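Everything below belongs to upload-v8.cif, which stores mmCIF, C-alpha atoms.
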data_upload
loop_
_atom_site.group_PDB
_atom_site.id
_atom_site.type_symbol
_atom_site.label_atom_id
_atom_site.label_comp_id
_atom_site.auth_asym_id
_atom_site.auth_seq_id
_atom_site.Cartn_x
_atom_site.Cartn_y
_atom_site.Cartn_z
ATOM 1 C CA MET A 1 1.874 14.809 -8.607
ATOM 2 C CA ASN A 2 -1.327 13.527 -7.053
ATOM 3 C CA GLU A 3 -4.018 11.081 -8.069
ATOM 4 C CA ASN A 4 -6.229 13.910 -9.288
ATOM 5 C CA GLY A 5 -3.677 14.988 -11.901
ATOM 6 C CA THR A 6 -4.480 14.763 -15.591
ATOM 7 C CA THR A 7 -1.334 12.833 -16.504
ATOM 8 C CA LYS A 8 -1.488 9.094 -17.077
ATOM 9 C CA SER A 9 1.804 8.164 -15.417
ATOM 10 C CA PRO A 10 1.235 5.638 -12.595
ATOM 11 C CA TRP A 11 4.526 6.534 -10.894
ATOM 12 C CA GLY A 12 3.096 9.477 -8.984
ATOM 13 C CA GLY A 13 0.225 7.388 -7.641
ATOM 14 C CA TRP A 14 2.430 4.399 -6.825
ATOM 15 C CA LEU A 15 4.967 6.610 -5.092
ATOM 16 C CA LEU A 16 2.203 8.120 -2.988
ATOM 17 C CA HIS A 17 1.007 4.608 -2.088
ATOM 18 C CA VAL A 18 4.544 3.646 -1.026
ATOM 19 C CA VAL A 19 4.813 6.769 1.147
ATOM 20 C CA VAL A 20 1.481 6.050 2.851
ATOM 21 C CA GLY A 21 2.401 2.389 3.401
ATOM 22 C CA THR A 22 5.746 3.453 4.860
ATOM 23 C CA GLY A 23 4.077 5.989 7.139
ATOM 24 C CA LEU A 24 1.565 3.483 8.477
ATOM 25 C CA THR A 25 4.338 0.934 8.962
ATOM 26 C CA ALA A 26 6.385 3.485 10.907
ATOM 27 C CA VAL A 27 3.474 4.399 13.185
ATOM 28 C CA LEU A 28 2.611 0.773 13.904
ATOM 29 C CA ALA A 29 6.257 -0.119 14.482
ATOM 30 C CA TRP A 30 6.568 2.807 16.905
ATOM 31 C CA LEU A 31 3.518 1.426 18.730
ATOM 32 C CA ALA A 32 5.355 -1.939 18.957
ATOM 33 C CA ALA A 33 2.835 -3.869 16.881
ATOM 34 C CA PRO A 34 3.950 -7.381 15.878
ATOM 35 C CA PRO A 35 5.479 -7.493 12.372
ATOM 36 C CA LEU A 36 2.774 -9.776 10.961
ATOM 37 C CA ALA A 37 0.084 -7.455 12.345
ATOM 38 C CA VAL A 38 1.790 -4.499 10.660
ATOM 39 C CA PHE A 39 1.794 -6.345 7.337
ATOM 40 C CA VAL A 40 -1.866 -7.346 7.664
ATOM 41 C CA ALA A 41 -2.910 -3.822 8.687
ATOM 42 C CA VAL A 42 -1.154 -2.179 5.731
ATOM 43 C CA LEU A 43 -2.515 -4.827 3.349
ATOM 44 C CA ALA A 44 -6.060 -4.322 4.653
ATOM 45 C CA MET A 45 -5.735 -0.552 4.389
ATOM 46 C CA GLY A 46 -4.474 -0.878 0.803
ATOM 47 C CA ILE A 47 -7.313 -3.197 -0.201
ATOM 48 C CA ALA A 48 -9.907 -0.929 1.425
ATOM 49 C CA HIS A 49 -8.428 2.105 -0.320
ATOM 50 C CA GLU A 50 -8.532 0.448 -3.728
ATOM 51 C CA ILE A 51 -12.083 -0.794 -3.209
ATOM 52 C CA GLY A 52 -13.042 2.772 -2.353
ATOM 53 C CA ASP A 53 -11.307 4.060 -5.487
ATOM 54 C CA GLY A 54 -13.054 1.443 -7.608
ATOM 55 C CA ASP A 55 -9.731 0.244 -8.993
ATOM 56 C CA PHE A 56 -10.806 -3.412 -8.882
ATOM 57 C CA LEU A 57 -13.633 -2.682 -11.328
ATOM 58 C CA ARG A 58 -13.092 -3.639 -14.956
ATOM 59 C CA VAL A 59 -14.195 -0.137 -16.018
ATOM 60 C CA ASN A 60 -11.224 1.373 -14.136
ATOM 61 C CA GLY A 61 -8.660 -1.103 -15.433
ATOM 62 C CA GLY A 62 -9.311 -3.680 -12.754
ATOM 63 C CA PRO A 63 -8.599 -6.033 -11.291
ATOM 64 C CA TRP A 64 -4.953 -5.482 -12.269
ATOM 65 C CA ASN A 65 -4.976 -1.757 -11.608
ATOM 66 C CA GLY A 66 -6.196 -2.364 -8.059
ATOM 67 C CA LEU A 67 -3.800 -5.248 -7.482
ATOM 68 C CA LEU A 68 -0.759 -3.237 -8.588
ATOM 69 C CA ASP A 69 -1.819 -0.334 -6.397
ATOM 70 C CA VAL A 70 -2.230 -2.632 -3.367
ATOM 71 C CA LEU A 71 1.249 -4.068 -3.982
ATOM 72 C CA ALA A 72 2.633 -0.517 -3.989
ATOM 73 C CA PHE A 73 1.649 -0.163 -0.311
ATOM 74 C CA LEU A 74 3.652 -3.228 0.770
ATOM 75 C CA PRO A 75 7.445 -2.656 0.434
ATOM 76 C CA ALA A 76 7.857 -1.116 3.908
ATOM 77 C CA PRO A 77 5.818 -3.694 5.862
ATOM 78 C CA ILE A 78 7.544 -6.529 4.005
ATOM 79 C CA ALA A 79 10.946 -5.071 4.850
ATOM 80 C CA PHE A 80 9.878 -4.542 8.486
ATOM 81 C CA TRP A 81 8.618 -8.129 8.734
ATOM 82 C CA ALA A 82 11.760 -9.505 7.045
ATOM 83 C CA THR A 83 14.063 -7.698 9.474
ATOM 84 C CA HIS A 84 12.202 -9.257 12.378
ATOM 85 C CA LEU A 85 12.287 -12.771 10.910
ATOM 86 C CA ALA A 86 16.061 -12.728 11.085
ATOM 87 C CA THR A 87 16.044 -12.203 14.848
#
Please express the file's structure as structure tokens.
Amino acid sequence: MNENGTTKSPWGGWLLHVVVGTGLTAVLAWLAAPPLAVFVAVLAMGIAHEIGDGDFLRVNGGPWNGLLDVLAFLPAPIAFWATHLAT
């Protein structure tokens, strides 16, 4: 499922957001970026993506639609940051 599908289920879109957030986290971790920088980079990318989609606009269900989509990007960077806080 992709974001251009005609179905209304958010799971396909949120899953895609999680995959992209995980991929960016993996690349930045491989480049040895600091954990906080990884979190900020993924957060900024998610916000920029949702602004581009217009998901913060009231017409498109915003601001909640955009906020939930941004949160979908963050599980991997949060986990990466949390694992580095313990050390």
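Checking A:Leu36, A:Val20, A:Ile47, A:Ala41 one by one against A:Leu68, counting only C-alpha atoms, you find the shortest gap at A:Ile47.
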Picked residues, the PyMOL selection byres ((chain A and resi 78-82) around 9), as a VMD selection string: chain A and resid 25 29 34 to 36 38 to 39 74 to 77 83 to 86
Computed interatomic separation between atom CA of A:Val42 and atom CA of A:Leu24 (Å): 6.9 Å
Which residue of A:Ala32, A:Leu43, A:Ala37, A:Ile51 approaches A:Val18 most closely, using only C-alpha atoms: A:Leu43
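Computed from the coordinates, the atom CA of A:Val19 to atom CA of A:Ala72 distance equals 9.2 Å.
Proximity to A:Phe73 was assessed for A:Asn60, A:Ala33, A:Gly46, A:Asp53 counting all atoms listed in the file; the smallest distance is recorded for A:Gly46.
Between atom CA of A:Gly23 and atom CA of A:Gly66 lies a distance of 20.2 Å.
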Nearest residue to A:Val40 from the set A:Val59, A:Leu28, A:Gly13, A:Trp64 (distances using all atoms listed in the file): A:Leu28
Pick from A:Ala44, A:Leu16, A:Glu50, A:Val27, whichever lies nearest to A:Pro63 using all atoms listed in the file: A:Glu50
Quick one: 6 Å padding each side, axis-aligned, all listed atoms of stretch 35-50 of chain A - centre and edge lengths in Å to one decimal, as AutoDock Vina command-line options?
--center_x -2.2 --center_y -3.8 --center_z 4.3 --size_x 27.4 --size_y 23.9 --size_z 28.1
